[in-house]
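A.B. asks: A single structure is presented below for examination.
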There are 4 protein chains.
Amino acid sequence: MSAAADPSFPAPAHLHPVRVYWEDTDAGGVVFYANYLKFFERARTEWLRAAGFGQQALVDETGAMFVVADTRLRYLQPARLDDLLQVSVEPQQIGRARLVIQQRCLRGTALLCEGTIHIACVDRGTFRPRRIPTDLLQRLAPSASALPA
Amino acid sequence: MSAAADPSFPAPAHLHPVRVYWEDTDAGGVVFYANYLKFFERARTEWLRAAGFGQQALVDETGAMFVVADTRLRYLQPARLDDLLQVSVEPQQIGRARLVIQQRCLRGTALLCEGTIHIACVDRGTFRPRRIPTDLLQRLAPSASALPA
Amino acid sequence: MSAAADPSFPAPAHLHPVRVYWEDTDAGGVVFYANYLKFFERARTEWLRAAGFGQQALVDETGAMFVVADTRLRYLQPARLDDLLQVSVEPQQIGRARLVIQQRCLRGTALLCEGTIHIACVDRGTFRPRRIPTDLLQRLAPSASALPA
Amino acid sequence: MSAAADPSFPAPAHLHPVRVYWEDTDAGGVVFYANYLKFFERARTEWLRAAGFGQQALVDETGAMFVVADTRLRYLQPARLDDLLQVSVEPQQIGRARLVIQQRCLRGTALLCEGTIHIACVDRGTFRPRRIPTDLLQRLAPSASALPA
């Protein structure tokens, strides 16, 4: 289920450009696979920022912090130095304390990597689960009050 | 199915120690989640080395290179600076061109992260799938000739 | 001597924006100091790209590769998650086989980090020094033919 | 002046082994130069640990944190995947709030990279300079009370 297809996910799918630098590559001549997790996170961070929320401010003001709980990635084609990639953010589930995000990394129309990221909202001090701050949740999913925690 | 339980996987489950340094942490005060993929790969590399195979030598001598095709990780508890972790390697499937490895990251008896990594053997130049060099395959799984590709 | 002040360095000082993500920070709550070398390199890469040269294409077409030979960095103030930084590129010397680049990382008008990077042009296969390809050198410094190697 | 040559630096020069993994390399086929800063830091961390001090415990118990203030590195020869390196720690100056450490990275007898790292002791909250905790300083340099701040 994509963000676009479901009216309960009004946050538009976000697209974030990523340029491949030397730091991203490995001796195989391609992007080191762990780095797609970095690319995906940059895109999620910009998606939140586009919704009006910086994560440092979120921590400072509410004590809430997002942590990654589960990642599933498929690697289909390699990316190389200087490639310009596009990374998508498509929220699949927005619960009161958890997000499930589908992400893709494309070079032009070629799908290089895709995955699903489960994110939990925790307290910065204890790392125990807590609710996503209300105004952020409402911005991400106005109908989320009907969703399960 | 664990390496220990199945006589067709004579390579023992491997255990690799990892110390957490500043470079591994993020502003949340814990190990950045993408870095567990690095820890897991270090352990797999040492597992191959214990079987007598360095990956650079493998590339130089045979043109074969291992690439990651699929990763699934669950993050259960955070690790912190100075923690001493143990990362396990348990081969689940050893095929002619593909490996499936289960891995765990522990601090003492606490399970911090676990996952399954699918690895493909490819040609270093074309990135097209190819068979794992025979002597390496025999070292990893003497009965692998009966396994599907 | 800045690029702006010296007519023999027609390449304008370049400015490259860098956003700070979780991946860039460490448990001290600030950007991990080694990562400024990554930020500086991204800026140099974009400076070369603005001059019409991608580094992967350069390697593929000429066999020439730039490697870092010497780095000197001073760290003045920390950067934090979500900060938007500006990284400058100011060529100080452009020789036939070597570049010396001065770089600064700023947040607004605050200088966070500054440094000098010496870069050598080498052959991709042997890592032995070689001349910078002529058309790139002319683009970077039209008067460089008068400069020492 | 090496640690071994000067009786006021009783902490012996420390040597720390580093294995090169895929994560450390770049598309040039060699270790990415920024990663030597990581290798150097791992060695300094183990040098402090050998003196009886973990840095996380130091922060938790005293609020003191070491930050890097200045780095100078020279890159002489590249390292490759699977190389086993040795990284040395030779304290050059041990002051009340600042350390100057000389470090080398060797593969066998070949010197690959060397550098000097200036480290400041700061308060974890304010990042303002503070004295190194007395018992750590005494362990690093028993005669340091005679040294300038």
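Numbering starts fresh at 1 for the residues of each chain in the structure tokens, the chains themselves are lettered A, B, ... in the order given, and ligands are numbered from 1 as they appear.
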Neighbours of Ile119 in chain A within 6 Å (only C-alpha atoms; same-chain residues fewer than 3 positions away dropped), as an MDAnalysis selection string?
C.D. replies: chainID A and resid 67:69 98:99
A.B. asks: Which chain B residues have any atom within 7 Å of an atom of chain D, and for each, what is the nearest pair of atoms with distance in Å to one decimal, counting only C-alpha atoms, rows sorted by chain and number, as CSV?
C.D. replies:
residue,atom,partner,partner_atom,distance
B:Tyr21,CA,D:Arg42,CA,6.5
B:Glu23,CA,D:Lys38,CA,6.5
B:Lys38,CA,D:Glu23,CA,6.5
B:Arg42,CA,D:Tyr21,CA,6.5
B:Gly54,CA,D:Asp82,CA,6.6
B:Gln56,CA,D:Leu81,CA,5.9
B:Leu81,CA,D:Gln56,CA,5.9
B:Asp82,CA,D:Gln56,CA,6.5
A.B. asks: Just the selected residues (N, CA, C and O atoms), exported as a compact mmCIF listing (two decimals), in the first residue's frame, please.
C.D. replies:
# COMPACT_ATOMS: atom_id res chain seq x y z
N TYR B 21 33.93 1.42 19.36
CA TYR B 21 34.72 2.66 19.44
C TYR B 21 33.83 3.87 19.12
O TYR B 21 32.71 3.72 18.64
N GLU B 23 33.85 5.81 16.66
CA GLU B 23 33.43 5.79 15.25
C GLU B 23 32.14 5.02 15.03
O GLU B 23 31.45 5.22 14.03
N LYS B 38 28.44 -3.79 9.40
CA LYS B 38 29.90 -3.86 9.36
C LYS B 38 30.41 -4.95 10.31
O LYS B 38 31.29 -5.73 9.95
N ARG B 42 32.59 -8.22 9.26
CA ARG B 42 33.91 -8.56 9.81
C ARG B 42 33.92 -10.03 10.26
O ARG B 42 34.87 -10.77 10.02
N GLY B 54 41.30 -15.66 2.16
CA GLY B 54 41.22 -14.21 2.21
C GLY B 54 40.45 -13.73 0.99
O GLY B 54 40.61 -14.28 -0.10
N GLN B 56 40.58 -10.80 -0.65
CA GLN B 56 41.38 -10.12 -1.67
C GLN B 56 42.10 -11.15 -2.53
O GLN B 56 42.13 -11.04 -3.76
N LEU B 81 29.48 2.76 23.74
CA LEU B 81 30.94 2.93 23.66
C LEU B 81 31.63 2.01 24.64
O LEU B 81 31.21 1.89 25.79
N ASP B 82 32.69 1.37 24.20
CA ASP B 82 33.56 0.51 25.03
C ASP B 82 32.98 -0.89 25.26
O ASP B 82 33.68 -1.74 25.82
A.B. asks: For the structure I just gave you, how does DSSP split chain B - specifically, which residues are strand (DSSP E or B)? Reply as a short mmCIF file (atom, residue, chain, number, x, y, z; two decimals) with all heavy atoms, in the first residue's frame.
C.D. replies:
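Below is the file part.cif, written as the result:
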data_model
loop_
_atom_site.label_atom_id
_atom_site.label_comp_id
_atom_site.auth_asym_id
_atom_site.auth_seq_id
_atom_site.Cartn_x
_atom_site.Cartn_y
_atom_site.Cartn_z
N HIS B 14 31.20 -19.60 13.75
CA HIS B 14 32.35 -18.77 14.08
C HIS B 14 31.90 -17.67 15.03
O HIS B 14 30.78 -17.20 14.95
CB HIS B 14 32.90 -18.16 12.78
CG HIS B 14 34.24 -17.55 12.93
ND1 HIS B 14 35.40 -18.28 12.86
CD2 HIS B 14 34.63 -16.28 13.15
CE1 HIS B 14 36.44 -17.48 13.03
NE2 HIS B 14 35.99 -16.26 13.20
N LEU B 15 32.81 -17.26 15.93
CA LEU B 15 32.52 -16.19 16.87
C LEU B 15 33.63 -15.15 16.76
O LEU B 15 34.81 -15.49 16.82
CB LEU B 15 32.47 -16.76 18.29
CG LEU B 15 31.51 -16.10 19.28
CD1 LEU B 15 30.08 -16.12 18.75
CD2 LEU B 15 31.56 -16.83 20.61
N HIS B 16 33.23 -13.88 16.58
CA HIS B 16 34.23 -12.83 16.37
C HIS B 16 33.98 -11.69 17.35
O HIS B 16 32.88 -11.14 17.42
CB HIS B 16 34.12 -12.32 14.92
CG HIS B 16 35.06 -11.21 14.60
ND1 HIS B 16 36.41 -11.39 14.52
CD2 HIS B 16 34.85 -9.90 14.35
CE1 HIS B 16 37.00 -10.24 14.23
NE2 HIS B 16 36.06 -9.32 14.12
N PRO B 17 35.02 -11.30 18.11
CA PRO B 17 34.83 -10.20 19.07
C PRO B 17 34.90 -8.84 18.39
O PRO B 17 35.71 -8.64 17.47
CB PRO B 17 36.02 -10.38 20.04
CG PRO B 17 37.09 -10.99 19.20
CD PRO B 17 36.39 -11.86 18.16
N VAL B 18 34.06 -7.91 18.82
CA VAL B 18 34.05 -6.55 18.29
C VAL B 18 34.01 -5.58 19.46
O VAL B 18 33.12 -5.66 20.31
CB VAL B 18 32.82 -6.32 17.38
CG1 VAL B 18 32.66 -4.82 17.07
CG2 VAL B 18 32.94 -7.10 16.09
N ARG B 19 34.95 -4.69 19.51
CA ARG B 19 34.95 -3.63 20.52
C ARG B 19 34.27 -2.40 19.92
O ARG B 19 34.50 -2.08 18.75
CB ARG B 19 36.40 -3.29 20.89
CG ARG B 19 36.53 -2.19 21.89
CD ARG B 19 36.08 -2.57 23.29
NE ARG B 19 37.04 -3.43 23.97
CZ ARG B 19 36.97 -3.72 25.26
NH1 ARG B 19 35.97 -3.28 26.01
NH2 ARG B 19 37.87 -4.52 25.81
N THR B 25 29.51 4.88 17.16
CA THR B 25 28.35 5.41 17.88
C THR B 25 27.73 6.59 17.14
O THR B 25 28.32 7.14 16.22
CB THR B 25 28.78 5.88 19.28
OG1 THR B 25 29.76 6.92 19.14
CG2 THR B 25 29.38 4.73 20.07
N VAL B 31 25.40 2.52 19.46
CA VAL B 31 25.95 2.13 18.16
C VAL B 31 24.96 2.45 17.05
O VAL B 31 23.78 2.09 17.15
CB VAL B 31 26.30 0.63 18.15
CG1 VAL B 31 26.58 0.14 16.72
CG2 VAL B 31 27.51 0.36 19.04
N ALA B 64 36.48 -14.17 -8.43
CA ALA B 64 35.20 -14.31 -7.72
C ALA B 64 35.12 -13.33 -6.55
O ALA B 64 36.10 -13.13 -5.84
CB ALA B 64 35.04 -15.73 -7.19
N MET B 65 33.96 -12.74 -6.38
CA MET B 65 33.75 -11.76 -5.31
C MET B 65 32.39 -12.04 -4.69
O MET B 65 31.43 -12.34 -5.38
CB MET B 65 33.79 -10.36 -5.93
CG MET B 65 33.83 -9.24 -4.94
SD MET B 65 34.34 -7.66 -5.73
CE MET B 65 32.88 -7.31 -6.69
N PHE B 66 32.34 -11.95 -3.36
CA PHE B 66 31.06 -12.11 -2.68
C PHE B 66 30.37 -10.75 -2.55
O PHE B 66 30.99 -9.77 -2.13
CB PHE B 66 31.26 -12.72 -1.29
CG PHE B 66 31.58 -14.19 -1.32
CD1 PHE B 66 32.82 -14.66 -0.92
CD2 PHE B 66 30.63 -15.10 -1.76
CE1 PHE B 66 33.12 -16.02 -0.96
CE2 PHE B 66 30.92 -16.46 -1.80
CZ PHE B 66 32.17 -16.92 -1.40
N VAL B 67 29.09 -10.70 -2.90
CA VAL B 67 28.31 -9.48 -2.68
C VAL B 67 27.06 -9.82 -1.89
O VAL B 67 26.54 -10.94 -1.96
CB VAL B 67 27.91 -8.79 -4.00
CG1 VAL B 67 29.13 -8.33 -4.78
CG2 VAL B 67 27.05 -9.70 -4.85
N VAL B 68 26.60 -8.84 -1.13
CA VAL B 68 25.41 -9.04 -0.31
C VAL B 68 24.17 -8.79 -1.16
O VAL B 68 24.07 -7.77 -1.84
CB VAL B 68 25.46 -8.12 0.91
CG1 VAL B 68 24.12 -8.13 1.64
CG2 VAL B 68 26.58 -8.55 1.84
N ALA B 69 23.23 -9.73 -1.13
CA ALA B 69 22.02 -9.63 -1.95
C ALA B 69 20.78 -9.27 -1.15
O ALA B 69 19.82 -8.72 -1.69
CB ALA B 69 21.78 -10.96 -2.68
N ASP B 70 20.80 -9.57 0.14
CA ASP B 70 19.60 -9.40 0.95
C ASP B 70 20.01 -9.40 2.43
O ASP B 70 20.83 -10.23 2.85
CB ASP B 70 18.64 -10.57 0.67
CG ASP B 70 17.26 -10.40 1.30
OD1 ASP B 70 17.18 -10.35 2.54
OD2 ASP B 70 16.28 -10.32 0.55
N THR B 71 19.49 -8.45 3.18
CA THR B 71 19.78 -8.41 4.63
C THR B 71 18.48 -8.21 5.41
O THR B 71 17.63 -7.42 5.01
CB THR B 71 20.73 -7.25 4.99
OG1 THR B 71 20.11 -6.01 4.64
CG2 THR B 71 22.05 -7.36 4.27
N ARG B 72 18.35 -8.95 6.49
CA ARG B 72 17.21 -8.74 7.41
C ARG B 72 17.77 -8.66 8.81
O ARG B 72 18.33 -9.64 9.31
CB ARG B 72 16.22 -9.89 7.33
CG ARG B 72 15.70 -10.07 5.93
CD ARG B 72 14.54 -11.03 5.88
NE ARG B 72 14.07 -11.10 4.51
CZ ARG B 72 12.91 -11.61 4.12
NH1 ARG B 72 12.10 -12.13 5.04
NH2 ARG B 72 12.56 -11.60 2.87
N LEU B 73 17.59 -7.54 9.46
CA LEU B 73 18.13 -7.35 10.81
C LEU B 73 17.05 -6.88 11.77
O LEU B 73 16.21 -6.06 11.42
CB LEU B 73 19.25 -6.30 10.80
CG LEU B 73 20.68 -6.83 10.64
CD1 LEU B 73 20.86 -7.42 9.25
CD2 LEU B 73 21.70 -5.74 10.88
N ARG B 74 17.11 -7.44 12.99
CA ARG B 74 16.25 -6.98 14.08
C ARG B 74 17.15 -6.40 15.16
O ARG B 74 18.12 -7.03 15.56
CB ARG B 74 15.45 -8.15 14.68
CG ARG B 74 14.25 -8.52 13.88
CD ARG B 74 13.23 -9.24 14.75
NE ARG B 74 13.86 -10.26 15.58
CZ ARG B 74 13.42 -10.58 16.80
NH1 ARG B 74 12.40 -9.94 17.34
NH2 ARG B 74 14.02 -11.54 17.49
N TYR B 75 16.79 -5.22 15.62
CA TYR B 75 17.57 -4.53 16.65
C TYR B 75 16.82 -4.62 17.96
O TYR B 75 15.69 -4.13 18.07
CB TYR B 75 17.77 -3.07 16.26
CG TYR B 75 18.49 -2.92 14.93
CD1 TYR B 75 17.78 -2.82 13.74
CD2 TYR B 75 19.87 -2.91 14.89
CE1 TYR B 75 18.44 -2.71 12.52
CE2 TYR B 75 20.54 -2.79 13.68
CZ TYR B 75 19.82 -2.69 12.50
OH TYR B 75 20.48 -2.58 11.30
N LEU B 84 32.17 -4.67 24.74
CA LEU B 84 32.82 -5.75 24.01
C LEU B 84 31.74 -6.73 23.56
O LEU B 84 31.03 -7.31 24.39
CB LEU B 84 33.85 -6.47 24.89
CG LEU B 84 34.63 -7.58 24.18
CD1 LEU B 84 35.36 -7.05 22.96
CD2 LEU B 84 35.62 -8.22 25.15
N LEU B 85 31.58 -6.86 22.25
CA LEU B 85 30.51 -7.65 21.68
C LEU B 85 31.07 -8.94 21.07
O LEU B 85 32.26 -9.02 20.76
CB LEU B 85 29.79 -6.84 20.59
CG LEU B 85 29.41 -5.40 20.99
CD1 LEU B 85 28.78 -4.68 19.80
CD2 LEU B 85 28.45 -5.41 22.18
N GLN B 86 30.20 -9.92 20.91
CA GLN B 86 30.57 -11.15 20.21
C GLN B 86 29.60 -11.31 19.03
O GLN B 86 28.39 -11.24 19.23
CB GLN B 86 30.46 -12.37 21.13
CG GLN B 86 31.44 -12.33 22.29
CD GLN B 86 32.89 -12.54 21.87
OE1 GLN B 86 33.15 -13.10 20.81
NE2 GLN B 86 33.81 -12.10 22.71
N VAL B 87 30.15 -11.53 17.85
CA VAL B 87 29.32 -11.66 16.65
C VAL B 87 29.47 -13.08 16.12
O VAL B 87 30.58 -13.54 15.85
CB VAL B 87 29.72 -10.64 15.58
CG1 VAL B 87 28.82 -10.78 14.35
CG2 VAL B 87 29.63 -9.23 16.14
N SER B 88 28.34 -13.77 15.95
CA SER B 88 28.37 -15.16 15.50
C SER B 88 28.08 -15.28 14.01
O SER B 88 27.44 -14.42 13.41
CB SER B 88 27.35 -15.99 16.28
OG SER B 88 26.04 -15.61 15.91
N VAL B 89 28.59 -16.36 13.43
CA VAL B 89 28.35 -16.70 12.03
C VAL B 89 27.83 -18.13 12.00
O VAL B 89 28.53 -19.05 12.39
CB VAL B 89 29.64 -16.63 11.20
CG1 VAL B 89 29.38 -17.02 9.75
CG2 VAL B 89 30.26 -15.25 11.29
N GLU B 90 26.58 -18.29 11.55
CA GLU B 90 26.02 -19.63 11.45
C GLU B 90 25.46 -19.84 10.04
O GLU B 90 24.40 -19.34 9.71
CB GLU B 90 24.89 -19.82 12.47
CG GLU B 90 25.38 -19.75 13.90
CD GLU B 90 24.24 -19.85 14.91
OE1 GLU B 90 23.21 -20.46 14.57
OE2 GLU B 90 24.39 -19.32 16.01
N PRO B 91 26.19 -20.56 9.19
CA PRO B 91 25.70 -20.79 7.83
C PRO B 91 24.41 -21.59 7.86
O PRO B 91 24.33 -22.61 8.55
CB PRO B 91 26.83 -21.55 7.16
CG PRO B 91 27.73 -22.00 8.23
CD PRO B 91 27.51 -21.15 9.43
N GLN B 92 23.41 -21.13 7.15
CA GLN B 92 22.13 -21.83 7.08
C GLN B 92 21.98 -22.58 5.78
O GLN B 92 21.41 -23.66 5.75
CB GLN B 92 20.98 -20.82 7.22
CG GLN B 92 20.84 -20.31 8.62
CD GLN B 92 19.44 -19.84 8.88
OE1 GLN B 92 18.83 -19.19 8.04
NE2 GLN B 92 18.90 -20.19 10.04
N GLN B 93 22.43 -21.97 4.68
CA GLN B 93 22.41 -22.65 3.39
C GLN B 93 23.71 -22.34 2.68
O GLN B 93 24.14 -21.19 2.64
CB GLN B 93 21.26 -22.17 2.50
CG GLN B 93 19.88 -22.51 3.00
CD GLN B 93 18.82 -21.89 2.10
OE1 GLN B 93 19.02 -21.71 0.90
NE2 GLN B 93 17.69 -21.55 2.68
N ILE B 94 24.31 -23.38 2.11
CA ILE B 94 25.51 -23.17 1.30
C ILE B 94 25.24 -23.79 -0.05
O ILE B 94 25.22 -25.01 -0.20
CB ILE B 94 26.74 -23.79 1.99
CG1 ILE B 94 27.00 -23.06 3.31
CG2 ILE B 94 27.95 -23.72 1.08
CD1 ILE B 94 28.25 -23.50 4.05
N ARG B 98 25.53 -19.24 -3.83
CA ARG B 98 24.84 -18.39 -2.85
C ARG B 98 24.97 -18.96 -1.45
O ARG B 98 24.93 -20.17 -1.25
CB ARG B 98 23.36 -18.35 -3.23
CG ARG B 98 22.77 -16.97 -3.25
CD ARG B 98 21.34 -17.00 -3.72
NE ARG B 98 20.61 -15.92 -3.13
CZ ARG B 98 20.48 -14.72 -3.69
NH1 ARG B 98 21.01 -14.46 -4.86
NH2 ARG B 98 19.79 -13.77 -3.07
N LEU B 99 25.14 -18.07 -0.49
CA LEU B 99 25.20 -18.46 0.92
C LEU B 99 24.10 -17.72 1.67
O LEU B 99 23.79 -16.58 1.36
CB LEU B 99 26.54 -18.06 1.54
CG LEU B 99 27.83 -18.46 0.83
CD1 LEU B 99 29.03 -17.83 1.54
CD2 LEU B 99 27.98 -19.97 0.78
N VAL B 100 23.52 -18.43 2.64
CA VAL B 100 22.60 -17.76 3.57
C VAL B 100 23.18 -17.94 4.97
O VAL B 100 23.42 -19.07 5.41
CB VAL B 100 21.18 -18.34 3.50
CG1 VAL B 100 20.26 -17.61 4.48
CG2 VAL B 100 20.63 -18.25 2.08
N ILE B 101 23.45 -16.81 5.63
CA ILE B 101 24.16 -16.83 6.91
C ILE B 101 23.28 -16.18 7.98
O ILE B 101 22.75 -15.09 7.77
CB ILE B 101 25.47 -16.02 6.82
CG1 ILE B 101 26.26 -16.37 5.56
CG2 ILE B 101 26.30 -16.19 8.09
CD1 ILE B 101 26.95 -17.68 5.60
N GLN B 102 23.13 -16.86 9.10
CA GLN B 102 22.45 -16.24 10.23
C GLN B 102 23.50 -15.68 11.18
O GLN B 102 24.53 -16.32 11.43
CB GLN B 102 21.56 -17.25 10.96
CG GLN B 102 20.70 -16.58 12.01
CD GLN B 102 19.55 -17.44 12.47
OE1 GLN B 102 19.47 -18.62 12.12
NE2 GLN B 102 18.63 -16.88 13.24
N GLN B 103 23.23 -14.48 11.69
CA GLN B 103 24.23 -13.85 12.56
C GLN B 103 23.57 -13.20 13.76
O GLN B 103 22.42 -12.74 13.70
CB GLN B 103 25.02 -12.79 11.75
CG GLN B 103 25.73 -13.40 10.55
CD GLN B 103 26.84 -12.55 10.01
OE1 GLN B 103 26.71 -11.96 8.97
NE2 GLN B 103 27.95 -12.48 10.72
N ARG B 104 24.31 -13.21 14.85
CA ARG B 104 23.84 -12.60 16.09
C ARG B 104 24.95 -11.76 16.68
O ARG B 104 26.12 -12.10 16.57
CB ARG B 104 23.44 -13.67 17.11
CG ARG B 104 22.19 -14.43 16.75
CD ARG B 104 21.76 -15.35 17.89
NE ARG B 104 20.52 -16.03 17.54
CZ ARG B 104 20.44 -17.16 16.85
NH1 ARG B 104 21.55 -17.75 16.44
NH2 ARG B 104 19.27 -17.69 16.57
N CYS B 105 24.54 -10.68 17.33
CA CYS B 105 25.48 -9.84 18.06
C CYS B 105 25.07 -9.84 19.52
O CYS B 105 23.94 -9.45 19.87
CB CYS B 105 25.46 -8.42 17.49
SG CYS B 105 26.62 -7.32 18.31
N LEU B 106 25.97 -10.29 20.37
CA LEU B 106 25.68 -10.43 21.80
C LEU B 106 26.64 -9.60 22.64
O LEU B 106 27.81 -9.40 22.27
CB LEU B 106 25.83 -11.90 22.23
CG LEU B 106 24.89 -12.88 21.56
CD1 LEU B 106 25.64 -14.12 21.09
CD2 LEU B 106 23.76 -13.28 22.51
N ARG B 107 26.14 -9.14 23.80
CA ARG B 107 27.00 -8.56 24.83
C ARG B 107 26.76 -9.43 26.06
O ARG B 107 25.69 -9.36 26.67
CB ARG B 107 26.63 -7.11 25.10
CG ARG B 107 27.55 -6.43 26.13
CD ARG B 107 27.08 -5.02 26.42
NE ARG B 107 25.68 -5.04 26.76
CZ ARG B 107 24.78 -4.11 26.39
NH1 ARG B 107 25.17 -3.09 25.67
NH2 ARG B 107 23.51 -4.20 26.72
N ALA B 110 23.25 -11.09 26.55
CA ALA B 110 22.19 -10.25 26.00
C ALA B 110 22.27 -10.19 24.48
O ALA B 110 23.32 -9.84 23.93
CB ALA B 110 22.29 -8.84 26.58
N LEU B 111 21.17 -10.52 23.82
CA LEU B 111 21.11 -10.45 22.36
C LEU B 111 20.78 -9.03 21.95
O LEU B 111 19.70 -8.51 22.24
CB LEU B 111 20.05 -11.42 21.84
CG LEU B 111 19.85 -11.45 20.32
CD1 LEU B 111 21.13 -11.83 19.59
CD2 LEU B 111 18.72 -12.41 19.95
N LEU B 112 21.69 -8.37 21.24
CA LEU B 112 21.49 -6.98 20.85
C LEU B 112 20.89 -6.86 19.46
O LEU B 112 20.06 -6.00 19.19
CB LEU B 112 22.82 -6.21 20.89
CG LEU B 112 23.63 -6.29 22.18
CD1 LEU B 112 24.82 -5.34 22.11
CD2 LEU B 112 22.76 -5.97 23.38
N CYS B 113 21.33 -7.73 18.56
CA CYS B 113 20.92 -7.63 17.16
C CYS B 113 21.07 -9.00 16.52
O CYS B 113 22.02 -9.73 16.85
CB CYS B 113 21.82 -6.60 16.45
SG CYS B 113 21.52 -6.40 14.69
N GLU B 114 20.14 -9.35 15.66
CA GLU B 114 20.27 -10.62 14.94
C GLU B 114 19.78 -10.42 13.52
O GLU B 114 18.98 -9.53 13.25
CB GLU B 114 19.48 -11.73 15.64
CG GLU B 114 17.99 -11.49 15.64
CD GLU B 114 17.22 -12.62 16.33
OE1 GLU B 114 17.84 -13.64 16.67
OE2 GLU B 114 16.01 -12.47 16.52
N GLY B 115 20.26 -11.27 12.62
CA GLY B 115 19.84 -11.08 11.25
C GLY B 115 20.24 -12.22 10.34
O GLY B 115 20.95 -13.15 10.74
N THR B 116 19.74 -12.14 9.12
CA THR B 116 20.04 -13.12 8.10
C THR B 116 20.57 -12.40 6.87
O THR B 116 19.98 -11.41 6.43
CB THR B 116 18.77 -13.91 7.73
OG1 THR B 116 18.20 -14.46 8.92
CG2 THR B 116 19.08 -15.04 6.76
N ILE B 117 21.70 -12.88 6.36
CA ILE B 117 22.38 -12.22 5.25
C ILE B 117 22.46 -13.21 4.08
O ILE B 117 22.96 -14.33 4.26
CB ILE B 117 23.80 -11.80 5.65
CG1 ILE B 117 23.82 -11.09 7.01
CG2 ILE B 117 24.44 -10.96 4.56
CD1 ILE B 117 23.16 -9.76 7.06
N HIS B 118 21.96 -12.81 2.92
CA HIS B 118 22.09 -13.61 1.70
C HIS B 118 23.26 -13.06 0.90
O HIS B 118 23.31 -11.86 0.61
CB HIS B 118 20.82 -13.53 0.85
CG HIS B 118 19.64 -14.19 1.47
ND1 HIS B 118 18.94 -15.22 0.86
CD2 HIS B 118 19.03 -14.00 2.66
CE1 HIS B 118 17.95 -15.60 1.65
NE2 HIS B 118 17.96 -14.87 2.74
N ILE B 119 24.15 -13.96 0.52
CA ILE B 119 25.36 -13.55 -0.17
C ILE B 119 25.46 -14.27 -1.50
O ILE B 119 25.24 -15.49 -1.57
CB ILE B 119 26.60 -13.87 0.69
CG1 ILE B 119 26.58 -12.96 1.92
CG2 ILE B 119 27.89 -13.69 -0.08
CD1 ILE B 119 27.48 -13.42 3.01
N ALA B 120 25.77 -13.53 -2.54
CA ALA B 120 25.92 -14.12 -3.87
C ALA B 120 27.37 -14.05 -4.30
O ALA B 120 28.08 -13.11 -3.96
CB ALA B 120 25.04 -13.38 -4.87
N CYS B 121 27.80 -15.05 -5.05
CA CYS B 121 29.13 -15.03 -5.64
C CYS B 121 29.00 -14.47 -7.05
O CYS B 121 28.17 -14.94 -7.84
CB CYS B 121 29.70 -16.45 -5.67
SG CYS B 121 31.44 -16.50 -6.18
N VAL B 122 29.79 -13.42 -7.35
CA VAL B 122 29.71 -12.79 -8.67
C VAL B 122 31.10 -12.65 -9.27
O VAL B 122 32.12 -12.76 -8.59
CB VAL B 122 29.05 -11.38 -8.60
CG1 VAL B 122 27.65 -11.45 -8.01
CG2 VAL B 122 29.93 -10.40 -7.83
N ASP B 123 31.11 -12.41 -10.57
CA ASP B 123 32.35 -12.09 -11.26
C ASP B 123 32.72 -10.64 -10.95
O ASP B 123 31.87 -9.75 -11.04
CB ASP B 123 32.17 -12.29 -12.77
CG ASP B 123 33.43 -11.95 -13.52
OD1 ASP B 123 34.31 -12.83 -13.65
OD2 ASP B 123 33.55 -10.79 -13.99
N PRO B 129 26.29 -13.43 -11.61
CA PRO B 129 26.45 -14.57 -10.71
C PRO B 129 27.39 -15.62 -11.29
O PRO B 129 27.39 -15.86 -12.50
CB PRO B 129 25.03 -15.13 -10.59
CG PRO B 129 24.13 -14.01 -10.97
CD PRO B 129 24.89 -13.20 -11.98
#
A.B. asks: Between D:Phe40, D:Gly28, D:Tyr33, D:Phe53, which is the closest to Asp135 in chain D once you count only C-alpha atoms?
C.D. replies: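 Looking only at the distances to Asp135 in chain D, the closest residue turns out to be D:Phe53.
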A.B. asks: Where does DSSP see alpha helix (DSSP H) in range 33-78 of chain A, if you list the residues as a VMD selection string?
C.D. replies: chain A and resid 35 to 50 55 to 62
A.B. asks: Nearest to Arg124 in chain C: which of C:Gln77, C:Thr109, C:Gln138, C:Thr62 is it, counting only C-alpha atoms?
C.D. replies: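 Of C:Gln77, C:Thr109, C:Gln138, C:Thr62, the one nearest Arg124 in chain C, counting only C-alpha atoms, is C:Thr62.
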A.B. asks: Fewer than 2 positions away in the same chain doesn't count, so skip those; otherwise give me all residues within 7 Å of Arg131 in chain D, counting only C-alpha atoms, as a list in words.
C.D. replies: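 Final neighbour list, sorted by chain and number: Arg96, Ala97, Cys121 and Pro133 of chain D.
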A.B. asks: Can you tell me how far CA of Ala34 in chain B sits from CA of Ala43 in chain A, in Å to one decimal?
C.D. replies: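 Going from CA of Ala34 in chain B over to CA of Ala43 in chain A covers 14.8 Å.
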